[in-house]
Structures are given as structure tokens and as C-alpha cells.
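These notes concern the structure reproduced below.
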Amino acid sequence: MPFVKANTHSLHYSDSHPDGPPTPNGLTFLFIHGLGSSQNYYFPVIPHLTSKHRCVTIDTYGSARSAYTNDPISIPGIAADAIAVLDELKISKAVVVGHSMGGLTVTEIGSRYPDRVLGVVAIGPTHPSEMLVTVMSKRSETVLETGMESMANSIPSAAVGSRSTPLHKAFIRELLLGQDPKGYAALCRAISTAQPADYAAVQAPFLLIAGEEDKSASMEGCEHIFQNVSSKNKSLEVLKGVGHWHCIEAADEVGSLIAQLADGIVV
């Protein structure tokens, strides 16, 4: 399995075109998943991009195949790892795509590392709040006591929208069961202690994709993020009947929206 060194972490990754984008005007995308997920979350979406663009997906530190080694985790730390991945793969600039916790991360990257970013796609990004602190603190305690079964038995039904299917729920369940409880708990703590990114510092082309029925990333939070980014080229798209697992519940719509953003970016 391919791994890339990111600071002190060894991250499992996949790269659709290791030699660079397959077309002269092609872009490179870096995909960052959310809590309890993996790079596989994006595989229903990336076929909309790979005929023109390079797509790099990673398992963030402590998730899936990127082993948790007891290092503390923070959102700025995940962002720094993402930049280290770009460095290791000799990618000067990329469109960064993030879901949920990854949405927090890509806004952080957009504000802290603007010279490395061609565009920002935030899918169901979580905006820090007191409720988020409470939910994440409880989850951390639960998985350390009982393992991932409790999350796998509840989240696939509770966090999706009315359009979801049994196959969608099975995919989400498998993603959750593939997590190390200690890594998952550490990521919960990273989310609970996160501070909002400097949204006003995000100036790259910006796409925010929200789920109409998302109970985890509130529409209020999504609108706050969208209103405060400074990007002149920005769009907020709301997917009807979709909950919090957008790339599984509405893969073709998400893929098409990202492809449209790419078409408007001039390298």
C-alpha cells in the first residue's frame, strides 16, 4: 500500500495521476475526509474529475489505514500534514476539498497557506460551536469505552437524508468500523477544541456544498462560513434530501459541482 510522509506521520494515500494532470489545463485536487471516514469516501466522486485532473486522496493521521501513534491531533495539524503531502509529492498548488472535519481543515488551509491553494471546496463543513463541543466530547468518551460499534450502529441512519439507501448506510457503516477507537477519539477532541478559521482570509475560488437535511453541519453554520469568506468567485449549493454524507448520498451531483468549479479556474 502506498504511504507518504507528512511531518512525523505516515499517511496512506492514492494518486490518480502520479506524473501530473493528464491534460494541459488540468488541476491537482487534494481530498481530505471527515471524522470516521477515509479516502474511500471520495471514490464515488473522483471519476467526474480524473479524465482532466489529478486527484490525490489521503487517510488523515489517526484514520483508517493511517495508524494512530498517540500524537495529539488538531485541525491546524491536519492542515500542516496536508501541505506536507503536497511537498512530498512535489505539488506546488492544488484545489483542496474537505468534508465535515475536512471542511474545517480546508478553510484553515485556505486562510493559512493561500499560496498553495487554487480553490477550496468545503462539503458540509462544521463551524465550531458549543453544541459541537458537547457532541464530540461525548463521542470521544463513548468509543474509548465501547469501541466503534456504537457509532457504526447509529450514525449510518441518523446522519443521512431522506434520499439515502441501504447501500449508502452500509458504506458509511464500513467506514466507521474501519477506525481505530483511540484515533477516532483523538479526532473528536481535535474538533471539540477547534477554533474557526480566519474565513475572511480565504480568497481562492470557493465552493460550499451543503445538505438540505444535514443535522451535523447546520445550514446556519454553512451560511456563516460562506458569507465571511472573501472569495470573489464563490458559490453555495444545497443538495435536496441529502444529509451529512454528501459524497455517498449524492455522488454525481457533488462530482458535477466540483468539476464546474474546476472549469472556472485558470492555472
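Naming works like this for the C-alpha cells: A, B, ... for the chains as they're shown, residue 1 at the start of each chain, ligands 1 onward in shown order.
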Requested in this report: Write out as a list in words which residues come within 10 Å of Pro72 (chain A) when counting only C-alpha atoms, dropping same-chain ones fewer than 3 positions away.
Outcome: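 Here the answer would be Gly62, Tyr68, Thr69, Gly77, Gly183, Ala186, Leu187, Arg189 and Ala190 of chain A.
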Residue selection dump (N, CA and C atoms) as a CSV table (one decimal), in the first residue's frame:
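After the write, part06.csv holds the following:
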```csv
chain,number,residue,atom,x,y,z
A,62,GLY,N,-4.4,9.1,12.1
A,62,GLY,CA,-5.4,8.5,13.1
A,62,GLY,C,-6.6,7.9,12.5
A,68,TYR,N,-2.7,5.5,14.1
A,68,TYR,CA,-2.6,6.5,15.2
A,68,TYR,C,-1.5,6.0,16.2
A,69,THR,N,-0.5,7.0,16.4
A,69,THR,CA,0.6,6.7,17.2
A,69,THR,C,0.7,7.5,18.5
A,77,GLY,N,-3.0,21.1,12.7
A,77,GLY,CA,-2.0,20.0,12.5
A,77,GLY,C,-2.4,19.1,11.3
A,183,GLY,N,-7.8,6.6,17.8
A,183,GLY,CA,-7.6,7.7,16.8
A,183,GLY,C,-8.9,8.5,16.6
A,186,ALA,N,-9.3,10.8,19.5
A,186,ALA,CA,-8.4,12.0,19.3
A,186,ALA,C,-8.9,13.0,18.3
A,187,LEU,N,-9.4,12.5,17.2
A,187,LEU,CA,-10.0,13.4,16.2
A,187,LEU,C,-11.2,14.1,16.8
A,189,ARG,N,-11.6,15.0,19.8
A,189,ARG,CA,-11.0,16.1,20.7
A,189,ARG,C,-10.5,17.2,19.8
A,190,ALA,N,-9.9,16.9,18.6
A,190,ALA,CA,-9.4,18.0,17.7
A,190,ALA,C,-10.6,18.8,17.3
```
Query raised in the report: Skipping near chain neighbours, those fewer than 6 positions away, what residues fall within 10 Å of Leu118 (chain A) using only C-alpha atoms, listed as number ranges by chain?
Result: A: 27-29, 92-96, 110, 203-206, 262, 265-267
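Using only C-alpha atoms for every distance, the candidate list A:Ala170, A:Ile258, A:Ile75, A:Ile209 yields A:Ile75 as the residue closest to Val106 (chain A).
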Requested in this report: Enumerate as number ranges by chain all residues of region 13-251 of chain A assigned to strand (DSSP E) by DSSP on the backbone, naming them with the chain letters and numbers the document uses.
Outcome: A: 13-15, 28-32, 54-58, 94-99, 117-123, 206-211, 234-239
Report task. Tell me which of A:Thr146, A:Gln39, A:Ser111, A:Thr126 sits closest to Glu223 (chain A), counting only C-alpha atoms. Result ->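 Looking only at the distances to Glu223 (chain A), the closest residue turns out to be A:Thr126.
When only C-alpha atoms are used to compute distances to Leu132 (chain A), the closest of the residues A:Ser74, A:Thr60, A:Ser154, A:Ser216 turns out to be A:Ser216.
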